[in-house]
$ cat target_10.txt   # compact mmCIF, C-alpha atoms
# COMPACT_ATOMS: atom_id res chain seq x y z
CA MET E 1 8.03 12.03 -18.05
CA SER E 2 10.71 9.68 -16.84
CA GLU E 3 14.19 9.65 -18.18
CA ILE E 4 17.16 7.34 -18.13
CA GLN E 5 20.75 8.48 -17.87
CA SER E 6 23.49 5.99 -18.22
CA SER E 7 27.22 6.36 -18.05
CA VAL E 8 29.68 4.91 -20.49
CA GLY E 9 33.34 5.44 -19.67
CA GLY E 10 32.43 7.91 -16.95
CA GLN E 11 30.10 10.09 -19.03
CA LEU E 12 26.41 10.21 -18.24
CA SER E 13 24.17 10.37 -21.26
CA VAL E 14 20.43 10.98 -21.19
CA ARG E 15 17.68 9.23 -23.06
CA ASP E 16 13.92 9.40 -22.75
CA ALA E 17 12.28 6.55 -20.92
CA SER E 18 9.28 6.43 -23.22
CA GLN E 19 8.77 2.85 -22.11
CA ILE E 20 9.93 1.61 -18.72
CA SER E 21 11.16 -1.96 -18.89
CA LEU E 22 8.76 -4.57 -17.55
CA VAL E 23 11.48 -5.89 -15.27
CA ASP E 24 11.94 -2.49 -13.62
CA LEU E 25 8.20 -2.12 -13.31
CA LEU E 26 7.69 -5.52 -11.68
CA ASP E 27 10.61 -4.83 -9.35
CA ARG E 28 8.52 -2.13 -7.78
CA LEU E 29 4.93 -3.20 -8.36
CA LEU E 30 5.56 -6.67 -6.94
CA GLY E 31 8.38 -5.92 -4.53
CA THR E 32 7.34 -2.63 -2.92
CA GLY E 33 4.17 -0.57 -2.50
CA VAL E 34 1.48 -0.67 0.16
CA VAL E 35 0.28 -4.15 1.08
CA LEU E 36 -3.13 -4.43 2.69
CA ALA E 37 -4.07 -7.23 4.98
CA GLY E 38 -7.46 -7.92 6.50
CA ASP E 39 -10.65 -6.90 4.79
CA VAL E 40 -9.45 -7.23 1.21
CA LEU E 41 -11.20 -9.29 -1.44
CA ILE E 42 -8.17 -10.05 -3.61
CA SER E 43 -4.47 -9.42 -3.16
CA LEU E 44 -1.23 -10.94 -4.27
CA ALA E 45 -0.19 -11.59 -0.69
CA GLY E 46 -0.71 -15.31 -1.09
CA VAL E 47 0.78 -15.60 -4.55
CA ASP E 48 4.32 -16.76 -5.08
CA LEU E 49 5.91 -13.60 -6.45
CA VAL E 50 9.17 -15.34 -7.18
CA GLN E 51 7.26 -17.57 -9.55
CA ILE E 52 5.83 -14.57 -11.38
CA ARG E 53 9.26 -13.06 -11.78
CA LEU E 54 10.54 -16.32 -13.07
CA HIS E 55 7.96 -16.21 -15.81
CA ALA E 56 8.87 -12.62 -16.57
CA LEU E 57 12.40 -13.86 -16.85
CA ILE E 58 11.60 -16.59 -19.29
CA THR E 59 9.57 -14.41 -21.60
CA THR E 60 12.05 -11.55 -21.58
CA VAL E 61 14.77 -13.84 -22.86
CA ARG E 62 13.99 -13.16 -26.48
CA ALA E 63 15.62 -12.97 -29.85
CA ASP E 64 16.25 -9.24 -29.52
CA MET E 65 18.41 -9.80 -26.48
CA PRO E 66 21.90 -8.45 -27.06
CA VAL E 67 24.47 -11.19 -27.54
CA PRO E 68 27.20 -11.06 -24.88
CA ARG E 69 30.44 -9.82 -26.41
CA ASN E 70 32.43 -12.91 -25.73
CA LEU E 71 29.92 -14.95 -27.71
CA GLN E 72 30.01 -12.74 -30.78
CA GLY E 73 31.90 -14.35 -33.61
CA GLY E 74 35.00 -12.66 -35.10
CA GLY E 75 35.56 -8.98 -35.75
CA THR E 76 36.82 -6.35 -33.40
CA ASP E 77 34.72 -4.58 -30.89
CA GLY E 78 33.94 -1.01 -31.92
CA MET A 79 -32.05 -19.07 -1.56
CA THR A 80 -28.43 -18.68 -2.66
CA GLU A 81 -26.41 -15.54 -2.31
CA SER A 82 -24.92 -14.57 -5.65
CA GLN A 83 -21.23 -13.84 -5.96
CA PRO A 84 -20.33 -10.16 -6.41
CA GLU A 85 -19.55 -9.33 -10.02
CA HIS A 86 -17.39 -6.28 -9.49
CA GLY A 87 -14.70 -5.17 -7.08
CA ARG A 88 -12.83 -1.96 -6.41
CA TYR A 89 -9.25 -2.11 -7.62
CA LEU A 90 -6.98 0.14 -5.52
CA PHE A 91 -4.21 2.01 -7.30
CA ALA A 92 -3.06 4.26 -4.49
CA PHE A 93 -3.87 6.20 -1.37
CA ALA A 94 -3.42 9.93 -1.66
CA ARG A 95 -3.77 13.24 0.13
CA GLY A 96 -4.45 16.69 -1.25
CA LEU A 97 -5.65 15.35 -4.57
CA ASP A 98 -8.01 17.35 -6.77
CA PRO A 99 -9.94 14.59 -8.58
CA ALA A 100 -10.61 16.93 -11.50
CA ARG A 101 -6.90 16.85 -12.30
CA LEU A 102 -7.12 13.13 -13.04
CA ALA A 103 -9.64 13.73 -15.81
CA GLY A 104 -8.68 11.79 -18.91
CA VAL A 105 -6.68 9.16 -17.00
CA LEU A 106 -8.30 5.76 -17.35
CA GLY A 107 -8.24 2.79 -15.01
CA LEU A 108 -8.06 -0.86 -15.98
CA ARG A 109 -9.85 -1.98 -19.14
CA GLY A 110 -10.91 1.60 -19.84
CA ALA A 111 -12.89 1.96 -16.61
CA PRO A 112 -13.11 5.53 -15.29
CA LEU A 113 -10.97 6.41 -12.28
CA GLU A 114 -12.80 7.27 -9.11
CA VAL A 115 -11.63 8.88 -5.90
CA VAL A 116 -13.05 7.53 -2.65
CA GLU A 117 -12.73 10.12 0.12
CA HIS A 118 -12.44 9.32 3.80
CA ARG A 119 -11.45 11.87 6.44
CA ASP A 120 -8.51 13.78 4.92
CA LEU A 121 -7.31 10.88 2.78
CA GLN A 122 -8.28 9.53 -0.61
CA ALA A 123 -8.16 6.22 -2.40
CA VAL A 124 -7.87 6.12 -6.17
CA VAL A 125 -9.87 3.17 -7.49
CA CYS A 126 -11.71 1.78 -10.48
CA SER A 127 -14.22 -1.01 -10.87
CA VAL A 128 -12.99 -4.34 -12.17
CA ASP A 129 -14.82 -7.41 -13.30
CA LEU A 130 -14.25 -10.22 -10.79
CA GLU A 131 -14.63 -12.69 -13.60
CA GLU A 132 -11.25 -11.44 -14.77
CA PHE A 133 -9.65 -10.46 -11.46
CA GLY A 134 -11.19 -13.05 -9.17
CA GLU A 135 -8.97 -15.46 -7.32
CA ASP A 136 -9.71 -18.33 -9.70
CA ARG A 137 -8.55 -16.61 -12.85
CA LEU A 138 -5.90 -14.40 -11.29
CA LYS A 139 -3.28 -17.09 -10.92
CA GLU A 140 -3.64 -18.05 -14.55
CA HIS A 141 -3.49 -14.42 -15.63
CA LEU A 142 -0.37 -13.77 -13.60
CA GLU A 143 1.47 -16.31 -15.71
CA ASP A 144 0.32 -14.60 -18.88
CA MET A 145 2.97 -11.96 -19.48
CA GLU A 146 0.83 -9.95 -21.86
CA TRP A 147 -1.92 -9.70 -19.25
CA LEU A 148 0.54 -8.93 -16.46
CA GLU A 149 2.31 -6.27 -18.50
CA GLU A 150 -0.89 -4.49 -19.45
CA VAL A 151 -2.16 -4.43 -15.86
CA ALA A 152 1.26 -3.37 -14.54
CA ARG A 153 1.58 -0.53 -17.05
CA THR A 154 -1.94 0.74 -16.40
CA HIS A 155 -1.34 0.55 -12.64
CA HIS A 156 1.89 2.50 -13.03
CA ASP A 157 0.37 5.11 -15.37
CA VAL A 158 -2.40 5.83 -12.86
CA VAL A 159 0.00 6.00 -9.90
CA TYR A 160 2.30 8.26 -11.90
CA ALA A 161 -0.58 10.59 -12.79
CA VAL A 162 -1.62 10.74 -9.13
CA SER A 163 1.97 11.46 -8.06
CA GLU A 164 1.98 14.51 -10.33
CA VAL A 165 -0.97 16.11 -8.53
CA GLY A 166 -0.79 14.99 -4.89
CA ALA A 167 1.04 13.01 -2.23
CA VAL A 168 0.77 9.35 -3.14
CA ALA A 169 1.25 5.97 -1.47
CA PRO A 170 1.13 3.45 -4.34
CA MET A 171 -0.45 0.05 -3.79
CA ARG A 172 1.21 -3.20 -4.62
CA LEU A 173 -0.13 -4.70 -7.86
CA VAL A 174 -3.65 -6.14 -7.67
CA THR A 175 -5.37 -5.18 -4.42
CA ILE A 176 -9.15 -5.36 -4.67
CA CYS A 177 -11.79 -4.46 -2.09
CA SER A 178 -15.40 -5.51 -2.33
CA ASP A 179 -16.86 -2.00 -2.29
CA ASP A 180 -16.26 1.62 -1.28
CA ALA A 181 -17.34 0.95 2.30
CA SER A 182 -14.56 -1.61 2.55
CA VAL A 183 -12.07 0.87 1.05
CA ARG A 184 -13.09 3.47 3.64
CA GLY A 185 -12.76 0.85 6.33
CA ARG A 186 -9.13 0.24 5.34
CA VAL A 187 -8.44 4.00 5.39
CA GLU A 188 -10.04 4.28 8.83
CA THR A 189 -8.01 1.41 10.28
CA LEU A 190 -4.72 2.49 8.72
CA HIS A 191 -5.22 6.23 8.99
CA THR A 192 -2.19 6.92 11.18
CA GLN A 193 0.19 4.74 9.19
CA LEU A 194 -1.04 6.04 5.84
CA SER A 195 -0.73 9.64 7.02
CA GLU A 196 2.84 9.02 8.16
CA ALA A 197 3.74 7.30 4.90
CA LEU A 198 2.27 10.17 2.86
CA SER A 199 4.13 12.76 4.94
CA ARG A 200 7.36 10.86 4.38
CA VAL A 201 7.08 11.07 0.60
CA GLU A 202 5.23 14.35 0.06
CA GLY A 203 7.19 16.65 -2.24
CA ARG A 204 9.73 13.90 -2.91
CA ARG A 205 10.33 11.52 -5.79
CA GLU A 206 12.03 8.20 -6.09
CA TRP A 207 15.09 7.74 -8.32
CA SER A 208 16.58 4.45 -9.30
CA VAL A 209 20.34 4.03 -9.55
CA LYS A 210 21.69 0.81 -10.98
CA VAL A 211 25.36 0.01 -11.22
CA TYR A 212 26.77 -2.60 -13.58
CA ALA A 213 30.25 -4.07 -13.46
CA THR A 214 31.90 -5.01 -16.68
CA ARG A 215 31.91 -8.76 -16.92
CA PRO A 216 35.16 -10.20 -15.59
CA ALA A 217 37.27 -12.20 -18.03
CA GLN A 218 36.42 -15.88 -18.21
CA PRO A 219 39.00 -18.16 -16.61
CA GLU A 220 41.24 -19.72 -19.25
CA THR A 221 40.10 -23.26 -18.67
CA VAL A 222 40.21 -24.34 -22.30
CA ASP A 223 43.77 -23.36 -23.21
CA ALA A 224 45.33 -24.18 -19.88
CA GLY A 225 46.10 -27.70 -20.95
CA ARG A 226 45.67 -30.87 -19.03
CA PRO A 227 46.86 -30.47 -15.44
CA ALA A 228 49.99 -32.50 -14.66
CA SER A 229 48.42 -34.02 -11.58
CA GLY A 230 45.36 -34.07 -9.42
CA ALA A 231 47.08 -31.66 -7.05
CA ALA A 232 47.74 -29.22 -9.91
CA TYR A 233 44.12 -29.48 -10.95
CA LEU A 234 42.90 -28.68 -7.46
CA GLN A 235 45.38 -25.83 -7.19
CA ARG A 236 44.02 -24.33 -10.41
CA LYS A 237 40.43 -24.70 -9.18
CA ARG A 238 41.34 -22.98 -5.94
CA GLU A 239 42.97 -20.07 -7.78
CA GLN A 240 39.94 -19.63 -9.99
CA ALA A 241 37.60 -19.63 -6.99
CA ALA A 242 39.83 -17.09 -5.20
CA GLN A 243 39.80 -14.88 -8.27
CA ARG A 244 36.00 -15.01 -8.45
CA ARG A 245 35.77 -14.20 -4.74
CA SER A 246 38.07 -11.21 -4.99
CA THR A 247 36.16 -9.86 -7.99
CA GLY A 248 32.95 -10.30 -6.01
CA ASP A 249 34.46 -8.54 -2.98
CA GLN A 250 35.62 -5.67 -5.12
CA HIS A 251 32.13 -5.27 -6.60
CA LEU A 252 30.61 -5.27 -3.12
CA ARG A 253 33.01 -2.55 -2.01
CA GLU A 254 32.38 -0.42 -5.08
CA ALA A 255 28.62 -0.80 -4.77
CA ASP A 256 28.72 0.06 -1.08
CA GLU A 257 30.85 3.16 -1.65
CA ILE A 258 28.52 4.45 -4.35
CA HIS A 259 25.48 3.71 -2.25
CA GLN A 260 26.94 5.50 0.78
CA THR A 261 27.81 8.56 -1.29
CA LEU A 262 24.28 8.71 -2.74
CA ALA A 263 22.75 8.14 0.69
CA ARG A 264 24.43 11.29 2.02
CA SER A 265 22.56 13.47 -0.47
CA VAL A 266 19.04 12.05 -0.09
CA VAL A 267 16.24 11.72 2.45
CA ALA A 268 15.95 7.93 2.44
CA THR A 269 17.33 4.92 0.60
CA ARG A 270 16.34 1.37 -0.07
CA VAL A 271 18.47 -1.31 -1.63
CA LEU A 272 16.55 -3.64 -3.91
CA GLN A 273 17.69 -7.06 -5.02
CA PRO A 274 20.09 -6.77 -7.98
CA GLN A 275 18.32 -7.99 -11.12
CA ASP A 276 19.28 -11.32 -12.60
CA PRO A 277 21.31 -10.99 -15.84
CA ARG A 278 18.70 -13.21 -17.50
CA LEU A 279 16.10 -10.58 -16.61
CA THR A 280 18.09 -7.55 -17.67
CA GLY A 281 19.27 -9.23 -20.84
CA ARG A 282 22.74 -7.87 -20.19
CA ALA A 283 25.97 -9.73 -19.76
CA ASP A 284 27.20 -7.23 -17.17
CA THR A 285 26.61 -7.99 -13.50
CA MET A 286 24.33 -5.60 -11.66
CA ILE A 287 26.16 -4.77 -8.44
CA LEU A 288 23.71 -2.19 -7.08
CA ASN A 289 19.97 -1.70 -7.53
CA GLY A 290 19.20 1.23 -5.27
CA ALA A 291 16.17 3.45 -4.73
CA TYR A 292 16.68 7.00 -3.47
CA LEU A 293 14.08 9.44 -2.16
CA VAL A 294 14.92 12.94 -3.37
CA PRO A 295 13.06 16.21 -2.67
CA THR A 296 11.72 17.57 -5.97
CA GLY A 297 13.73 20.77 -5.54
CA GLU A 298 16.99 18.84 -5.18
CA THR A 299 16.82 16.75 -8.32
CA ASP A 300 19.63 18.62 -10.06
CA GLY A 301 21.92 18.23 -7.07
CA PHE A 302 21.28 14.49 -6.95
CA ARG A 303 21.89 14.22 -10.67
CA ALA A 304 25.21 16.02 -10.19
CA VAL A 305 26.26 13.52 -7.51
CA VAL A 306 25.45 10.62 -9.83
CA SER A 307 27.33 12.32 -12.64
CA ARG A 308 30.39 12.77 -10.40
CA LEU A 309 30.23 9.11 -9.35
CA ALA A 310 30.13 8.12 -13.01
CA GLU A 311 33.29 10.16 -13.66
CA LEU A 312 35.04 8.62 -10.66
CA ASN A 313 34.14 5.08 -11.77
CA PRO A 314 34.76 4.88 -15.52
CA THR A 315 34.90 1.09 -15.45
CA LEU A 316 31.38 0.82 -14.07
CA GLU A 317 28.18 1.68 -15.80
CA ILE A 318 25.84 3.77 -13.71
CA GLU A 319 22.23 4.13 -14.75
CA LEU A 320 19.97 6.79 -13.30
CA ASN A 321 16.29 6.29 -13.95
CA GLY A 322 13.37 8.38 -12.81
CA PRO A 323 11.54 10.11 -11.40
CA TRP A 324 9.39 7.29 -10.06
CA PRO A 325 6.42 7.63 -7.75
CA PRO A 326 7.70 6.74 -4.26
CA TYR A 327 6.97 3.00 -4.53
CA SER A 328 9.85 1.98 -2.30
CA PHE A 329 9.23 4.53 0.43
CA ALA A 330 5.48 4.94 0.93
CA THR A 331 5.26 1.56 2.59
CA LEU A 332 3.44 0.98 5.86
CA GLU A 333 5.48 0.64 9.08

$ encode --input "target_10.txt" --output "structure tokens"
Amino acid sequence: MSEIQSSVGGQLSVRDASQISLVDLLDRLLGTGVVLAGDVLISLAGVDLVQIRLHALITTVRADMPVPRNLQGGGTDG
Amino acid sequence: MTESQPEHGRYLFAFARGLDPARLAGVLGLRGAPLEVVEHRDLQAVVCSVDLEEFGEDRLKEHLEDMEWLEEVARTHHDVVYAVSEVGAVAPMRLVTICSDDASVRGRVETLHTQLSEALSRVEGRREWSVKVYATRPAQPETVDAGRPASGAAYLQRKREQAAQRRSTGDQHLREADEIHQTLARSVVATRVLQPQDPRLTGRADTMILNGAYLVPTGETDGFRAVVSRLAELNPTLEIELNGPWPPYSFATLE
């Protein structure tokens, strides 16, 4: 089981990574890993990976995205 | 007489060594297909059959733009690789690599035997950890309230100051990221710096200043965690995120 620890104000806190983010996953599955050349029927070698990431980008910009602080209206930051 | 197109291919998840196929029981491949282990010499390839109607070159490009499709394939790929990494040395494949049949898979193992063996030795007994560092977003330049510049020269002067400020913030981030990376590098076997993720991808306003991968022996996980923890204490204005363990995607590469 994977886990995520993140620090806020210098303190690391742990949470379970029950679901790895798609962005993190594509970082590795499209950017690293063994690439085979030669006698291979299908591979992504000839596909524009930047383009795929761009699409990932567009679809991950969703309504549940946190609003940057400086765009939040009024109130004080807790 | 026409030769018919093959209907199925062998999707490669990973190469492995020392794998007991029985320990992968219950792990499914793509679209519910059973996982199979193709043996050649002392190495193994973990594969499943896929329908070339779905994974063939013609449809693949369309599918790759379909995030739901891509996500499902990526998650299945990762789940299989992860399961393999729990029971043997693993060299994960890049997403979507398909051979025509087992003979072709064995042919790849034969040709790449030395490189694959070296890659597997490099990562055996080690796991990959991801460390990402975010800088708190710098304050926006006060362009709105600054009033109308008295002259063109004043305007240019202000622009120059803003650019200098952005540069020095950028320099500071580079230094901080480099220091953290160097400290982490001293406590691990190997490192790889990945491209920082675009804020539009992370959905965060904070700038990612480091996206590092670190290869850590399984017995030294706690020590590595302690180093990250210490770095977090030393850098309270940064956010450090430790994520793992990952199969050694960034390190089991060929050459």

$ atom_distance --input "target_10.txt" --atom1 "CA of Leu198 in chain A" --atom2 "CA of Pro295 in chain A"
13.5 Å

$ interface_residues --input "target_10.txt" --of "chain A" --to "chain E" --cutoff "6 Å" --atoms "all atoms listed in the file" --output "MDAnalysis selection string"
chainID A and resid 170:178 279 281 283 310:311 314 317:323 327:328 331

$ atom_distance --input "target_10.txt" --atom1 "CA of Arg270 in chain A" --atom2 "CA of Ala161 in chain A"
23.1 Å

$ atom_distance --input "target_10.txt" --atom1 "CA of Leu309 in chain A" --atom2 "CA of Gln250 in chain A"
16.3 Å

$ residues_around --input "target_10.txt" --residues "His191 in chain A" --least-positions-apart "3" --cutoff "12 Å" --atoms "all atoms listed in the file" --output "compact mmCIF listing (two decimals) with C-alpha atoms, in the frame of the given file"
# COMPACT_ATOMS: atom_id res chain seq x y z
CA PHE A 93 -3.87 6.20 -1.37
CA ALA A 94 -3.42 9.93 -1.66
CA ARG A 95 -3.77 13.24 0.13
CA HIS A 118 -12.44 9.32 3.80
CA ARG A 119 -11.45 11.87 6.44
CA ASP A 120 -8.51 13.78 4.92
CA LEU A 121 -7.31 10.88 2.78
CA GLN A 122 -8.28 9.53 -0.61
CA ALA A 123 -8.16 6.22 -2.40
CA VAL A 183 -12.07 0.87 1.05
CA ARG A 184 -13.09 3.47 3.64
CA GLY A 185 -12.76 0.85 6.33
CA ARG A 186 -9.13 0.24 5.34
CA VAL A 187 -8.44 4.00 5.39
CA GLU A 188 -10.04 4.28 8.83
CA LEU A 194 -1.04 6.04 5.84
CA SER A 195 -0.73 9.64 7.02
CA GLU A 196 2.84 9.02 8.16
CA ALA A 197 3.74 7.30 4.90
CA LEU A 198 2.27 10.17 2.86
CA LEU A 332 3.44 0.98 5.86

$ decode --input "target_10.txt" --residues "range 83-94 of chain A" --atoms "all heavy atoms" --output "PDB file, in the first residue's frame"
ATOM      1  N   GLN A  83      -5.547 -10.366 -40.487  1.00  0.00           N
ATOM      2  CA  GLN A  83      -4.853  -9.624 -39.436  1.00  0.00           C
ATOM      3  C   GLN A  83      -4.954 -10.403 -38.115  1.00  0.00           C
ATOM      4  O   GLN A  83      -5.977 -11.029 -37.856  1.00  0.00           O
ATOM      5  CB  GLN A  83      -5.531  -8.255 -39.254  1.00  0.00           C
ATOM      6  CG  GLN A  83      -5.363  -7.325 -40.433  1.00  0.00           C
ATOM      7  CD  GLN A  83      -3.937  -6.818 -40.546  1.00  0.00           C
ATOM      8  OE1 GLN A  83      -3.381  -6.379 -39.570  1.00  0.00           O
ATOM      9  NE2 GLN A  83      -3.373  -6.898 -41.721  1.00  0.00           N
ATOM     10  N   PRO A  84      -3.898 -10.347 -37.293  1.00  0.00           N
ATOM     11  CA  PRO A  84      -4.018 -11.008 -35.983  1.00  0.00           C
ATOM     12  C   PRO A  84      -5.084 -10.295 -35.149  1.00  0.00           C
ATOM     13  O   PRO A  84      -5.273  -9.090 -35.262  1.00  0.00           O
ATOM     14  CB  PRO A  84      -2.632 -10.836 -35.364  1.00  0.00           C
ATOM     15  CG  PRO A  84      -2.012  -9.684 -36.080  1.00  0.00           C
ATOM     16  CD  PRO A  84      -2.598  -9.693 -37.465  1.00  0.00           C
ATOM     17  N   GLU A  85      -5.792 -11.071 -34.340  1.00  0.00           N
ATOM     18  CA  GLU A  85      -6.863 -10.479 -33.531  1.00  0.00           C
ATOM     19  C   GLU A  85      -6.403 -10.123 -32.133  1.00  0.00           C
ATOM     20  O   GLU A  85      -6.978  -9.263 -31.478  1.00  0.00           O
ATOM     21  CB  GLU A  85      -8.041 -11.448 -33.434  1.00  0.00           C
ATOM     22  CG  GLU A  85      -8.801 -11.560 -34.740  1.00  0.00           C
ATOM     23  CD  GLU A  85      -9.853 -12.650 -34.689  1.00  0.00           C
ATOM     24  OE1 GLU A  85     -10.074 -13.219 -33.588  1.00  0.00           O
ATOM     25  OE2 GLU A  85     -10.441 -12.927 -35.734  1.00  0.00           O
ATOM     26  N   HIS A  86      -5.370 -10.819 -31.670  1.00  0.00           N
ATOM     27  CA  HIS A  86      -4.902 -10.593 -30.308  1.00  0.00           C
ATOM     28  C   HIS A  86      -3.405 -10.336 -30.268  1.00  0.00           C
ATOM     29  O   HIS A  86      -2.663 -10.814 -31.123  1.00  0.00           O
ATOM     30  CB  HIS A  86      -5.240 -11.784 -29.409  1.00  0.00           C
ATOM     31  CG  HIS A  86      -6.701 -11.911 -29.149  1.00  0.00           C
ATOM     32  ND1 HIS A  86      -7.529 -12.651 -29.949  1.00  0.00           N
ATOM     33  CD2 HIS A  86      -7.481 -11.359 -28.193  1.00  0.00           C
ATOM     34  CE1 HIS A  86      -8.772 -12.561 -29.496  1.00  0.00           C
ATOM     35  NE2 HIS A  86      -8.764 -11.781 -28.437  1.00  0.00           N
ATOM     36  N   GLY A  87      -2.988  -9.571 -29.275  1.00  0.00           N
ATOM     37  CA  GLY A  87      -1.573  -9.343 -29.039  1.00  0.00           C
ATOM     38  C   GLY A  87      -1.260  -9.616 -27.580  1.00  0.00           C
ATOM     39  O   GLY A  87      -2.167  -9.857 -26.769  1.00  0.00           O
ATOM     40  N   ARG A  88       0.039  -9.568 -27.277  1.00  0.00           N
ATOM     41  CA  ARG A  88       0.462  -9.798 -25.890  1.00  0.00           C
ATOM     42  C   ARG A  88       0.915  -8.472 -25.299  1.00  0.00           C
ATOM     43  O   ARG A  88       1.949  -7.915 -25.699  1.00  0.00           O
ATOM     44  CB  ARG A  88       1.602 -10.812 -25.856  1.00  0.00           C
ATOM     45  CG  ARG A  88       1.230 -12.138 -26.486  1.00  0.00           C
ATOM     46  CD  ARG A  88       0.160 -12.844 -25.694  1.00  0.00           C
ATOM     47  NE  ARG A  88       0.702 -13.896 -24.844  1.00  0.00           N
ATOM     48  CZ  ARG A  88      -0.030 -14.522 -23.907  1.00  0.00           C
ATOM     49  NH1 ARG A  88      -1.268 -14.167 -23.681  1.00  0.00           N
ATOM     50  NH2 ARG A  88       0.509 -15.481 -23.195  1.00  0.00           N
ATOM     51  N   TYR A  89       0.127  -7.978 -24.360  1.00  0.00           N
ATOM     52  CA  TYR A  89       0.436  -6.708 -23.707  1.00  0.00           C
ATOM     53  C   TYR A  89       1.465  -6.960 -22.602  1.00  0.00           C
ATOM     54  O   TYR A  89       1.256  -7.800 -21.731  1.00  0.00           O
ATOM     55  CB  TYR A  89      -0.842  -6.122 -23.102  1.00  0.00           C
ATOM     56  CG  TYR A  89      -0.661  -4.764 -22.450  1.00  0.00           C
ATOM     57  CD1 TYR A  89      -1.095  -3.598 -23.079  1.00  0.00           C
ATOM     58  CD2 TYR A  89      -0.069  -4.642 -21.186  1.00  0.00           C
ATOM     59  CE1 TYR A  89      -0.935  -2.354 -22.482  1.00  0.00           C
ATOM     60  CE2 TYR A  89       0.104  -3.398 -20.596  1.00  0.00           C
ATOM     61  CZ  TYR A  89      -0.331  -2.268 -21.235  1.00  0.00           C
ATOM     62  OH  TYR A  89      -0.168  -1.038 -20.645  1.00  0.00           O
ATOM     63  N   LEU A  90       2.580  -6.237 -22.657  1.00  0.00           N
ATOM     64  CA  LEU A  90       3.649  -6.424 -21.657  1.00  0.00           C
ATOM     65  C   LEU A  90       3.511  -5.444 -20.501  1.00  0.00           C
ATOM     66  O   LEU A  90       3.504  -4.229 -20.716  1.00  0.00           O
ATOM     67  CB  LEU A  90       5.020  -6.173 -22.297  1.00  0.00           C
ATOM     68  CG  LEU A  90       5.755  -7.380 -22.854  1.00  0.00           C
ATOM     69  CD1 LEU A  90       5.296  -7.664 -24.261  1.00  0.00           C
ATOM     70  CD2 LEU A  90       7.241  -7.113 -22.822  1.00  0.00           C
ATOM     71  N   PHE A  91       3.426  -5.976 -19.304  1.00  0.00           N
ATOM     72  CA  PHE A  91       3.378  -5.115 -18.119  1.00  0.00           C
ATOM     73  C   PHE A  91       4.784  -4.860 -17.573  1.00  0.00           C
ATOM     74  O   PHE A  91       5.106  -3.752 -17.156  1.00  0.00           O
ATOM     75  CB  PHE A  91       2.538  -5.761 -17.015  1.00  0.00           C
ATOM     76  CG  PHE A  91       1.090  -5.859 -17.348  1.00  0.00           C
ATOM     77  CD1 PHE A  91       0.559  -7.027 -17.874  1.00  0.00           C
ATOM     78  CD2 PHE A  91       0.256  -4.773 -17.155  1.00  0.00           C
ATOM     79  CE1 PHE A  91      -0.785  -7.117 -18.191  1.00  0.00           C
ATOM     80  CE2 PHE A  91      -1.087  -4.855 -17.464  1.00  0.00           C
ATOM     81  CZ  PHE A  91      -1.611  -6.027 -17.992  1.00  0.00           C
ATOM     82  N   ALA A  92       5.581  -5.934 -17.547  1.00  0.00           N
ATOM     83  CA  ALA A  92       6.893  -5.808 -16.909  1.00  0.00           C
ATOM     84  C   ALA A  92       7.757  -7.016 -17.222  1.00  0.00           C
ATOM     85  O   ALA A  92       7.248  -8.090 -17.541  1.00  0.00           O
ATOM     86  CB  ALA A  92       6.719  -5.702 -15.387  1.00  0.00           C
ATOM     87  N   PHE A  93       9.065  -6.813 -17.107  1.00  0.00           N
ATOM     88  CA  PHE A  93       9.991  -7.932 -17.058  1.00  0.00           C
ATOM     89  C   PHE A  93      10.315  -8.167 -15.588  1.00  0.00           C
ATOM     90  O   PHE A  93      10.293  -7.224 -14.781  1.00  0.00           O
ATOM     91  CB  PHE A  93      11.274  -7.613 -17.829  1.00  0.00           C
ATOM     92  CG  PHE A  93      11.056  -7.519 -19.317  1.00  0.00           C
ATOM     93  CD1 PHE A  93      11.107  -6.293 -19.966  1.00  0.00           C
ATOM     94  CD2 PHE A  93      10.781  -8.660 -20.062  1.00  0.00           C
ATOM     95  CE1 PHE A  93      10.885  -6.201 -21.337  1.00  0.00           C
ATOM     96  CE2 PHE A  93      10.564  -8.582 -21.438  1.00  0.00           C
ATOM     97  CZ  PHE A  93      10.614  -7.351 -22.074  1.00  0.00           C
ATOM     98  N   ALA A  94      10.595  -9.422 -15.265  1.00  0.00           N
ATOM     99  CA  ALA A  94      10.838  -9.734 -13.857  1.00  0.00           C
ATOM    100  C   ALA A  94      11.855 -10.854 -13.732  1.00  0.00           C
ATOM    101  O   ALA A  94      12.213 -11.509 -14.724  1.00  0.00           O
ATOM    102  CB  ALA A  94       9.531 -10.129 -13.180  1.00  0.00           C
TER     103      ALA A  94
END
